[in-house]
Amino acid sequence: MTESRNYRLVHGGGDEAEIPHILIVGGGYLGMYTARRLEKKLGSGEARITVIDPNSYMTYQPFLPETAAGNISPRNVVVPLRKVFDRVRVLGGRVVRIDHADNTVRYEPNVGEPETLRYDYLVMAAGAVSRTLPIPGLAEWGIGIKTVEEAAYLRNHVLNQLTIADSTNDKDVRAKALNFVFVGGGFAGAEAIAELEDMVRDAVRIYPSIDLDDVNFYLIEAADKILPEVGPEVGGKALNQLRRRGIDVRLKTFLESATDQRIKLSDGAEFDAGTLVWTAGVKPSPVVSASDLPLGPKGHVDTSEYLTVNGTDNVFAGGDNAQVPDGNGGYYPPNAQNAVRQAPVLADNIIATLRNGKLKAYQHKNLGAVAGLGVHKGAAQLFGKIKLNGRLAWYAHRSYHLLAVPTFNRKLRVLSDWTLAFFLRRDFAALPEMAEPRQAFEEASQPQVEDGRLRRVS
C-alpha cells in the first residue's frame, strides 16, 4: 500500500502533496494521546495523521501486575487504536529505519513487503523495551512483564508451576516449581511479585499436596531499597510489608546466572527455580538507534523542553524513548504519568509549528506515586506530603488508575472486573497451552503410540 493510498483511505481524495503528513512512530500513551489531540484540534485539510505500531492497541501498563494475578482480564487493559480515532490512519507494522535527512522512514508491515514512507512532521513515541544484561540463562528462561501477552503468559505459567508441584512426588521437581524469582524492585517488580504472591496464597487452597510454607518468593534488587518512586519512608514500610508476607527480599544483590534454571545470586545463594521474572529496568525501543536523530548518553532521543528534537526541524519526541529536561539539570522520569501529560503539549507544539505559532515548554510537578501490592495492600505518596500504606494506599492506587485508564469503555470493564471480585472467589484456571495453541493439533498429526506405549511429548 502506497502512502497516497493511505491518505485516500482516510480522507477520500485530495492533493496529497499539499497537505502536511504527521507520522507518529508508536501507539502507546504518547502516540495515542498525541494523535487524538491532533485529530481533535486540526481540520481535516490541515494535516493527515498516521500512527505506526506493531500492535493494533495501546496497553495500559500499570494494570499488567493485576492482569498477571487474574484481577483484570487481559483484553480490558488494552485500548484498540482504531476505536479511538476517526481520521487517523493506523498502520500495523514496525519502523525499522528513520532517515530524517530525507524525511523518510522504512516501514515493514506485519504482513507484506517493506515500504518507504515520507513525512513532514515526525513524532518519536516508540516507547521502551526491557533492559536485559548478558547474564547466562536469562534470555532462555527469563519472563518480562512489559506487554499484556507477557502478563497473561505469566499468570498461566505460575499456576502451571503449582500444577507441576502437585502432580509429582519428586522433591527436586516440586522445589523447583515452587521457587519464584523476581529481579528488580521498582514499580514493575514489587507490584508483580506482590500481586502474584497474593494469587498463589489463594490458589494453594485447591492444591492438596502444597502448603504455603512450601512456596518461596524471592525479590532480588541491586539497590538498598525498593519502590524508590514512593520515597524512603513509604518504600521502607512496603519492604517490611512484603517481608511479613514471607517474601524473601534481598537488597544489594545481583543475579549472576540462571543457566538451566539454576539461580546463582551474588550473595552466594544457589537453587533451582521454575520461574524467573525480569523487571530490572527498560531501554529505548531499538528503532531509536536505527535513525539519524541525535541521541543522549543512554540512547534516548535528545529532546528540548519544548519536546522538539535538538538539532532537527519538525521532529518531536517524549515518553520512554526521549530524555526531556526538567529544568533542574536532570530529566523527567520516563513513566506513564509524564507520557500522558507530555502528549497535549507535544500535539499543541506541532499545531503551533504548522500555524507559525509559539511553542510551549513542558513542565510537570510530580503529584505522587501509587503502587498496588495485592488485594487491600499498597503503598502511596501523594503531593509530597500524604504517605499511605495498606488498604488506604490500595484505594488510592485503584482510584487513580481507574481515572487514568483511557476511554469510558475500558473504565467500565475494569470496574466490572473489580466488582465481580468482591462477590466471586478468584479464578485459578491455568491455560499454559495458549502459549503454543497449535501444539495439540501437531501432536494429533503424529504417531501416538510407540513400542506399545503412548508416546511422551516433550
# chains A, B, ... in the order shown; residues from 1 in each chain; ligands from 1
$ residues_around --residues "Asn55 (chain A)" --least-positions-apart "2" --cutoff "12 Å" --atoms "only C-alpha atoms" --output "compact mmCIF listing (two decimals) with all heavy atoms, in the first residue's frame"
# COMPACT_ATOMS: atom_id res chain seq x y z
N VAL A 25 5.45 7.50 15.34
CA VAL A 25 6.04 6.17 15.49
C VAL A 25 5.72 5.67 16.89
O VAL A 25 6.32 6.10 17.88
CB VAL A 25 7.57 6.21 15.26
CG1 VAL A 25 8.17 4.82 15.43
CG2 VAL A 25 7.88 6.77 13.88
N GLY A 26 4.77 4.78 17.00
CA GLY A 26 4.38 4.22 18.29
C GLY A 26 2.96 4.61 18.68
O GLY A 26 2.58 5.77 18.56
N GLY A 27 2.21 3.62 19.16
CA GLY A 27 0.81 3.86 19.53
C GLY A 27 0.55 3.66 21.00
O GLY A 27 -0.56 3.26 21.38
N GLY A 28 1.57 3.92 21.84
CA GLY A 28 1.38 3.80 23.29
C GLY A 28 0.75 5.06 23.86
O GLY A 28 -0.01 5.76 23.20
N VAL A 51 -0.34 6.75 12.42
CA VAL A 51 0.30 6.10 13.56
C VAL A 51 0.77 4.72 13.12
O VAL A 51 -0.01 3.95 12.53
CB VAL A 51 -0.68 5.95 14.75
CG1 VAL A 51 -0.03 5.13 15.87
CG2 VAL A 51 -1.09 7.32 15.28
N ILE A 52 2.03 4.42 13.40
CA ILE A 52 2.57 3.09 13.08
C ILE A 52 2.92 2.37 14.37
O ILE A 52 3.64 2.91 15.22
CB ILE A 52 3.83 3.19 12.20
CG1 ILE A 52 3.52 3.89 10.87
CG2 ILE A 52 4.41 1.81 11.93
CD1 ILE A 52 4.73 4.04 9.96
N ASP A 53 2.41 1.17 14.53
CA ASP A 53 2.72 0.35 15.71
C ASP A 53 2.52 -1.11 15.34
O ASP A 53 1.59 -1.43 14.58
CB ASP A 53 1.79 0.72 16.87
CG ASP A 53 2.32 0.20 18.21
OD1 ASP A 53 2.19 -1.01 18.49
OD2 ASP A 53 2.87 1.00 18.98
N TYR A 57 -3.37 -1.90 19.30
CA TYR A 57 -3.93 -1.41 20.54
C TYR A 57 -2.87 -0.72 21.39
O TYR A 57 -1.67 -0.91 21.20
CB TYR A 57 -4.54 -2.57 21.34
CG TYR A 57 -3.59 -3.72 21.54
CD1 TYR A 57 -2.62 -3.71 22.54
CD2 TYR A 57 -3.65 -4.84 20.72
CE1 TYR A 57 -1.74 -4.76 22.72
CE2 TYR A 57 -2.77 -5.90 20.88
CZ TYR A 57 -1.82 -5.85 21.88
OH TYR A 57 -0.94 -6.89 22.05
N MET A 58 -3.34 0.11 22.32
CA MET A 58 -2.49 0.72 23.32
C MET A 58 -2.69 -0.04 24.63
O MET A 58 -3.82 -0.38 25.00
CB MET A 58 -2.88 2.20 23.50
CG MET A 58 -2.20 2.89 24.66
SD MET A 58 -3.22 2.86 26.16
CE MET A 58 -2.47 4.19 27.08
N THR A 59 -1.60 -0.36 25.33
CA THR A 59 -1.65 -1.13 26.57
C THR A 59 -1.52 -0.20 27.77
O THR A 59 -0.58 0.60 27.83
CB THR A 59 -0.53 -2.19 26.62
OG1 THR A 59 -0.64 -3.05 25.49
CG2 THR A 59 -0.63 -3.02 27.90
N VAL A 78 -6.26 -3.16 27.35
CA VAL A 78 -5.80 -2.65 26.05
C VAL A 78 -6.93 -1.84 25.41
O VAL A 78 -8.11 -2.13 25.60
CB VAL A 78 -5.35 -3.78 25.11
CG1 VAL A 78 -4.16 -4.52 25.70
CG2 VAL A 78 -6.48 -4.74 24.79
N VAL A 79 -6.53 -0.80 24.67
CA VAL A 79 -7.49 0.08 24.00
C VAL A 79 -7.24 -0.01 22.50
O VAL A 79 -6.17 0.38 22.02
CB VAL A 79 -7.32 1.54 24.48
CG1 VAL A 79 -8.31 2.45 23.76
CG2 VAL A 79 -7.48 1.64 25.99
N PRO A 80 -8.19 -0.53 21.72
CA PRO A 80 -8.00 -0.62 20.26
C PRO A 80 -7.80 0.76 19.66
O PRO A 80 -8.62 1.66 19.83
CB PRO A 80 -9.31 -1.26 19.78
CG PRO A 80 -9.89 -1.93 20.97
CD PRO A 80 -9.48 -1.10 22.15
N LEU A 81 -6.69 0.94 18.96
CA LEU A 81 -6.38 2.27 18.42
C LEU A 81 -7.43 2.73 17.41
O LEU A 81 -7.82 3.91 17.41
CB LEU A 81 -4.99 2.24 17.76
CG LEU A 81 -3.81 2.05 18.72
CD1 LEU A 81 -2.51 1.90 17.94
CD2 LEU A 81 -3.70 3.22 19.68
N ARG A 82 -7.88 1.85 16.56
CA ARG A 82 -8.84 2.27 15.54
C ARG A 82 -10.19 2.66 16.16
O ARG A 82 -10.97 3.36 15.53
CB ARG A 82 -9.03 1.14 14.52
CG ARG A 82 -7.80 0.93 13.64
CD ARG A 82 -7.98 -0.24 12.69
NE ARG A 82 -6.82 -0.39 11.80
CZ ARG A 82 -5.71 -1.02 12.11
NH1 ARG A 82 -5.58 -1.58 13.31
NH2 ARG A 82 -4.71 -1.11 11.25
N VAL A 90 -4.05 4.09 10.97
CA VAL A 90 -3.24 3.22 11.81
C VAL A 90 -2.64 2.12 10.93
O VAL A 90 -3.37 1.38 10.27
CB VAL A 90 -4.07 2.59 12.94
CG1 VAL A 90 -3.22 1.65 13.78
CG2 VAL A 90 -4.69 3.68 13.81
N LEU A 91 -1.31 2.03 10.93
CA LEU A 91 -0.61 1.00 10.16
C LEU A 91 -0.02 -0.02 11.11
O LEU A 91 0.70 0.34 12.05
CB LEU A 91 0.51 1.63 9.32
CG LEU A 91 0.08 2.66 8.27
CD1 LEU A 91 1.32 3.18 7.53
CD2 LEU A 91 -0.90 2.05 7.28
N GLY A 92 -0.32 -1.29 10.89
CA GLY A 92 0.22 -2.36 11.71
C GLY A 92 1.55 -2.84 11.18
O GLY A 92 1.61 -3.47 10.12
N GLY A 93 2.62 -2.51 11.89
CA GLY A 93 3.94 -2.91 11.45
C GLY A 93 5.01 -2.19 12.25
O GLY A 93 4.73 -1.54 13.25
N ARG A 94 6.24 -2.30 11.79
CA ARG A 94 7.38 -1.72 12.51
C ARG A 94 8.14 -0.74 11.62
O ARG A 94 8.36 -1.00 10.44
CB ARG A 94 8.35 -2.82 12.96
CG ARG A 94 7.76 -3.83 13.91
CD ARG A 94 8.77 -4.91 14.27
NE ARG A 94 8.18 -5.93 15.11
CZ ARG A 94 8.09 -5.84 16.43
NH1 ARG A 94 8.56 -4.78 17.05
NH2 ARG A 94 7.53 -6.82 17.13
N PRO A 109 5.37 -3.72 7.20
CA PRO A 109 4.06 -4.12 7.70
C PRO A 109 4.12 -5.51 8.31
O PRO A 109 5.04 -6.30 8.02
CB PRO A 109 3.17 -4.10 6.45
CG PRO A 109 4.12 -4.19 5.30
CD PRO A 109 5.41 -3.58 5.75
N ASN A 110 3.17 -5.82 9.18
CA ASN A 110 3.16 -7.14 9.82
C ASN A 110 3.09 -8.26 8.78
O ASN A 110 3.64 -9.35 9.00
CB ASN A 110 1.98 -7.24 10.79
CG ASN A 110 2.15 -6.34 12.00
OD1 ASN A 110 3.27 -6.04 12.39
ND2 ASN A 110 1.06 -5.92 12.59
N ALA A 126 8.06 5.77 20.35
CA ALA A 126 8.25 4.33 20.21
C ALA A 126 8.32 3.59 21.54
O ALA A 126 8.30 2.36 21.57
CB ALA A 126 9.52 4.05 19.40
N THR A 147 4.39 -6.31 28.40
CA THR A 147 3.28 -6.39 27.46
C THR A 147 2.14 -7.19 28.08
O THR A 147 2.34 -7.98 29.01
CB THR A 147 3.72 -7.08 26.15
OG1 THR A 147 3.99 -8.47 26.42
CG2 THR A 147 4.97 -6.43 25.58
N VAL A 148 0.96 -7.03 27.51
CA VAL A 148 -0.20 -7.77 28.02
C VAL A 148 -0.05 -9.26 27.74
O VAL A 148 -0.52 -10.10 28.52
CB VAL A 148 -1.51 -7.21 27.41
CG1 VAL A 148 -1.58 -7.50 25.91
CG2 VAL A 148 -2.73 -7.77 28.12
N GLU A 149 0.64 -9.59 26.65
CA GLU A 149 0.88 -11.01 26.35
C GLU A 149 1.77 -11.64 27.42
O GLU A 149 1.54 -12.78 27.85
CB GLU A 149 1.52 -11.15 24.97
CG GLU A 149 0.62 -10.75 23.81
CD GLU A 149 0.64 -9.25 23.52
OE1 GLU A 149 1.38 -8.52 24.22
OE2 GLU A 149 -0.06 -8.83 22.59
$ atom_distance --atom1 "CA of Phe316 (chain A)" --atom2 "CA of Leu346 (chain A)"
7.1 Å
$ closest_residue --among "A:Phe408, A:Phe180, A:Tyr107, A:Tyr60" --to "Ile143 (chain A)" --atoms "only C-alpha atoms"
A:Phe180
$ closest_residue --among "A:Lys411, A:Arg341, A:Arg75, A:Lys171" --to "Gln363 (chain A)" --atoms "only C-alpha atoms"
A:Arg341
$ residues_around --residues "Tyr153 (chain A)" --least-positions-apart "5" --cutoff "10 Å" --atoms "only C-alpha atoms" --output "PyMOL selection string"
chain A and resi 67-68+143-145+147-148+158+430-435
$ write_last_selection --atoms "N, CA and C atoms" --output "PDB file, in the first residue's frame"
ATOM      1  N   THR A  67      -3.241  -7.875  35.926  1.00  0.00           N
ATOM      2  CA  THR A  67      -3.581  -8.818  34.861  1.00  0.00           C
ATOM      3  C   THR A  67      -2.872 -10.145  35.081  1.00  0.00           C
ATOM      4  N   ALA A  68      -1.602 -10.089  35.479  1.00  0.00           N
ATOM      5  CA  ALA A  68      -0.842 -11.307  35.751  1.00  0.00           C
ATOM      6  C   ALA A  68      -1.436 -12.083  36.920  1.00  0.00           C
ATOM      7  N   ILE A 143      11.295 -14.105  32.007  1.00  0.00           N
ATOM      8  CA  ILE A 143       9.981 -13.649  31.560  1.00  0.00           C
ATOM      9  C   ILE A 143       9.873 -12.164  31.888  1.00  0.00           C
ATOM     10  N   GLY A 144       9.488 -11.355  30.927  1.00  0.00           N
ATOM     11  CA  GLY A 144       9.270  -9.939  31.173  1.00  0.00           C
ATOM     12  C   GLY A 144       7.829  -9.672  31.557  1.00  0.00           C
ATOM     13  N   ILE A 145       7.534  -8.420  31.869  1.00  0.00           N
ATOM     14  CA  ILE A 145       6.146  -8.036  32.149  1.00  0.00           C
ATOM     15  C   ILE A 145       5.940  -6.610  31.617  1.00  0.00           C
ATOM     16  N   THR A 147       4.395  -6.312  28.399  1.00  0.00           N
ATOM     17  CA  THR A 147       3.283  -6.395  27.458  1.00  0.00           C
ATOM     18  C   THR A 147       2.144  -7.194  28.075  1.00  0.00           C
ATOM     19  N   VAL A 148       0.959  -7.032  27.507  1.00  0.00           N
ATOM     20  CA  VAL A 148      -0.204  -7.767  28.019  1.00  0.00           C
ATOM     21  C   VAL A 148      -0.046  -9.258  27.742  1.00  0.00           C
ATOM     22  N   VAL A 158       2.684 -19.359  36.231  1.00  0.00           N
ATOM     23  CA  VAL A 158       2.757 -19.515  37.689  1.00  0.00           C
ATOM     24  C   VAL A 158       1.766 -20.565  38.174  1.00  0.00           C
ATOM     25  N   ALA A 430      -5.709 -22.457  34.832  1.00  0.00           N
ATOM     26  CA  ALA A 430      -4.453 -22.180  34.123  1.00  0.00           C
ATOM     27  C   ALA A 430      -4.583 -22.682  32.690  1.00  0.00           C
ATOM     28  N   LEU A 431      -4.151 -21.855  31.741  1.00  0.00           N
ATOM     29  CA  LEU A 431      -4.211 -22.211  30.330  1.00  0.00           C
ATOM     30  C   LEU A 431      -2.824 -22.085  29.702  1.00  0.00           C
ATOM     31  N   PRO A 432      -1.859 -22.877  30.177  1.00  0.00           N
ATOM     32  CA  PRO A 432      -0.486 -22.732  29.654  1.00  0.00           C
ATOM     33  C   PRO A 432      -0.369 -23.069  28.180  1.00  0.00           C
ATOM     34  N   GLU A 433      -1.291 -23.894  27.666  1.00  0.00           N
ATOM     35  CA  GLU A 433      -1.217 -24.279  26.260  1.00  0.00           C
ATOM     36  C   GLU A 433      -1.474 -23.110  25.325  1.00  0.00           C
ATOM     37  N   MET A 434      -2.012 -21.997  25.852  1.00  0.00           N
ATOM     38  CA  MET A 434      -2.265 -20.841  24.995  1.00  0.00           C
ATOM     39  C   MET A 434      -0.984 -20.293  24.402  1.00  0.00           C
ATOM     40  N   ALA A 435       0.142 -20.545  25.049  1.00  0.00           N
ATOM     41  CA  ALA A 435       1.420 -20.070  24.519  1.00  0.00           C
ATOM     42  C   ALA A 435       1.786 -20.793  23.229  1.00  0.00           C
TER      43      ALA A 435
END
